[in-house]
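Chemist: The structure's right below; bear with me while I get my questions together.
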Amino acid sequence: VQLQASGGGLVQAGGSLRLSCAASGRASSDYAVGWFRQAPGKDREFAAAIGLSDAFTYYADSVKGRFTISRDNAKNTVYLQMNSLKPEDTAVYYCARDRRQYRSGSAFYTQPDMYINWGQGTQVTVSS
């Protein structure tokens with residue numbers, strides 16, 4: 001499985017962006033996917049995760065209510081809709097798959113080392 005994030009860019013505070021995570025190889029409907037972000041000089045941090053369908057999602061407190069994760073299994077793509085963006089959301093955003101055989105309803109991992117198949121990230125810059 002290879003995952004590739006795209007959709008980043010420069011946006012003003014309060015604006016919106018939609019990131020895409022496209023999977024190639026194994027069907028993305030077989031595994032849970034997480035979005036992480038890493039700002040300069042900081043550790044990679046969890047943002048959101050989604051199970052095998054839109055029914056099971058989980059968000060970091062820092063993005064809850066502003067970001068929405070979703071998936072289109074027919075397109076092997078997971079999305080991250082980011083609204084009400086803040087300068088502190090500036091980071092490189094990555095997607096990766098949960099290393100487990102995820103079971104619907106299971107708790108999501110937030111630790112980066114529980115995820116594999118990291119793709120290249122996409123830069124999101126929010127200006128004040």
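Numbering starts fresh at 1 for the residues of each chain in the structure tokens, the chains themselves are lettered A, B, ... in the order given, and ligands are numbered from 1 as they appear.
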Can you list, as an MDAnalysis selection string, every protein, DNA or RNA residue that comes within 8 Å of region 105-112 of chain A when you count only C-alpha atoms, leaving out same-chain residues fewer than 5 positions away?

Modeler: chainID A and resid 36 44:46 49 51 56 58 98

Chemist: Can you write out the residues you just picked, keeping N, CA, C and O atoms, as a PDB file, in the first residue's frame?

Modeler:
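Written out: again-v3.pdb:
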ATOM      1  N   PHE A  36      -1.914  13.001  10.434  1.00  0.00           N
ATOM      2  CA  PHE A  36      -1.001  13.573  11.416  1.00  0.00           C
ATOM      3  C   PHE A  36      -0.443  14.867  10.845  1.00  0.00           C
ATOM      4  O   PHE A  36      -0.518  15.114   9.643  1.00  0.00           O
ATOM      5  N   ARG A  44       5.686  14.917  15.522  1.00  0.00           N
ATOM      6  CA  ARG A  44       4.507  14.628  14.716  1.00  0.00           C
ATOM      7  C   ARG A  44       3.337  14.363  15.653  1.00  0.00           C
ATOM      8  O   ARG A  44       3.461  13.602  16.610  1.00  0.00           O
ATOM      9  N   GLU A  45       2.202  14.988  15.375  1.00  0.00           N
ATOM     10  CA  GLU A  45       1.066  14.826  16.267  1.00  0.00           C
ATOM     11  C   GLU A  45      -0.159  14.350  15.503  1.00  0.00           C
ATOM     12  O   GLU A  45      -0.359  14.670  14.327  1.00  0.00           O
ATOM     13  N   PHE A  46      -0.981  13.625  16.221  1.00  0.00           N
ATOM     14  CA  PHE A  46      -2.213  13.078  15.679  1.00  0.00           C
ATOM     15  C   PHE A  46      -3.234  14.187  15.456  1.00  0.00           C
ATOM     16  O   PHE A  46      -3.352  15.105  16.275  1.00  0.00           O
ATOM     17  N   ALA A  49      -8.584  10.389  12.723  1.00  0.00           N
ATOM     18  CA  ALA A  49      -8.536   9.032  12.198  1.00  0.00           C
ATOM     19  C   ALA A  49      -9.932   8.591  11.803  1.00  0.00           C
ATOM     20  O   ALA A  49     -10.936   9.097  12.330  1.00  0.00           O
ATOM     21  N   GLY A  51     -12.264   4.944  10.609  1.00  0.00           N
ATOM     22  CA  GLY A  51     -12.320   3.513  10.465  1.00  0.00           C
ATOM     23  C   GLY A  51     -12.643   3.113   9.037  1.00  0.00           C
ATOM     24  O   GLY A  51     -12.347   3.837   8.094  1.00  0.00           O
ATOM     25  N   PHE A  56     -17.128   5.716  11.936  1.00  0.00           N
ATOM     26  CA  PHE A  56     -16.189   5.704  13.058  1.00  0.00           C
ATOM     27  C   PHE A  56     -15.052   6.670  12.763  1.00  0.00           C
ATOM     28  O   PHE A  56     -14.250   6.449  11.854  1.00  0.00           O
ATOM     29  N   TYR A  58     -12.366   9.834  14.814  1.00  0.00           N
ATOM     30  CA  TYR A  58     -11.819  10.320  16.086  1.00  0.00           C
ATOM     31  C   TYR A  58     -10.941  11.512  15.785  1.00  0.00           C
ATOM     32  O   TYR A  58     -10.235  11.535  14.771  1.00  0.00           O
ATOM     33  N   ASP A  98      -3.406   2.561   9.794  1.00  0.00           N
ATOM     34  CA  ASP A  98      -3.308   1.834  11.054  1.00  0.00           C
ATOM     35  C   ASP A  98      -2.688   0.472  10.773  1.00  0.00           C
ATOM     36  O   ASP A  98      -3.130  -0.240   9.865  1.00  0.00           O
TER      37      ASP A  98
END

Chemist: Considering only C-alpha atoms, return as a list in words whatever protein or nucleic-acid residues lie within 10 Å of Tyr79 (chain A), sequence-local ones (same chain, fewer than 5 positions apart) excluded.

Modeler: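 Listing them by chain and then by number gives Ala5, Ser6, Gly7, Arg18, Leu19, Ser20, Cys21, Ala22, Val33, Trp35, Ile50, Thr68, Ile69, Ser70, Arg71, Asp72 and Cys95 of chain A.
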
Chemist: What does the distance from CA of Lys64 (chain A) to CA of Val1 (chain A) come to in Å, to one decimal?

Modeler: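 Interatomic distance, CA of Lys64 (chain A) to CA of Val1 (chain A): 28.2 Å.
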
Chemist: Per DSSP on the backbone, what are the strand (DSSP E or B) residues of chain A, as a PyMOL selection string?

Modeler: chain A and resi 2-6+9-12+17-24+33-38+45-50+57-59+67-72+77-82+91-98+115-116+122-127
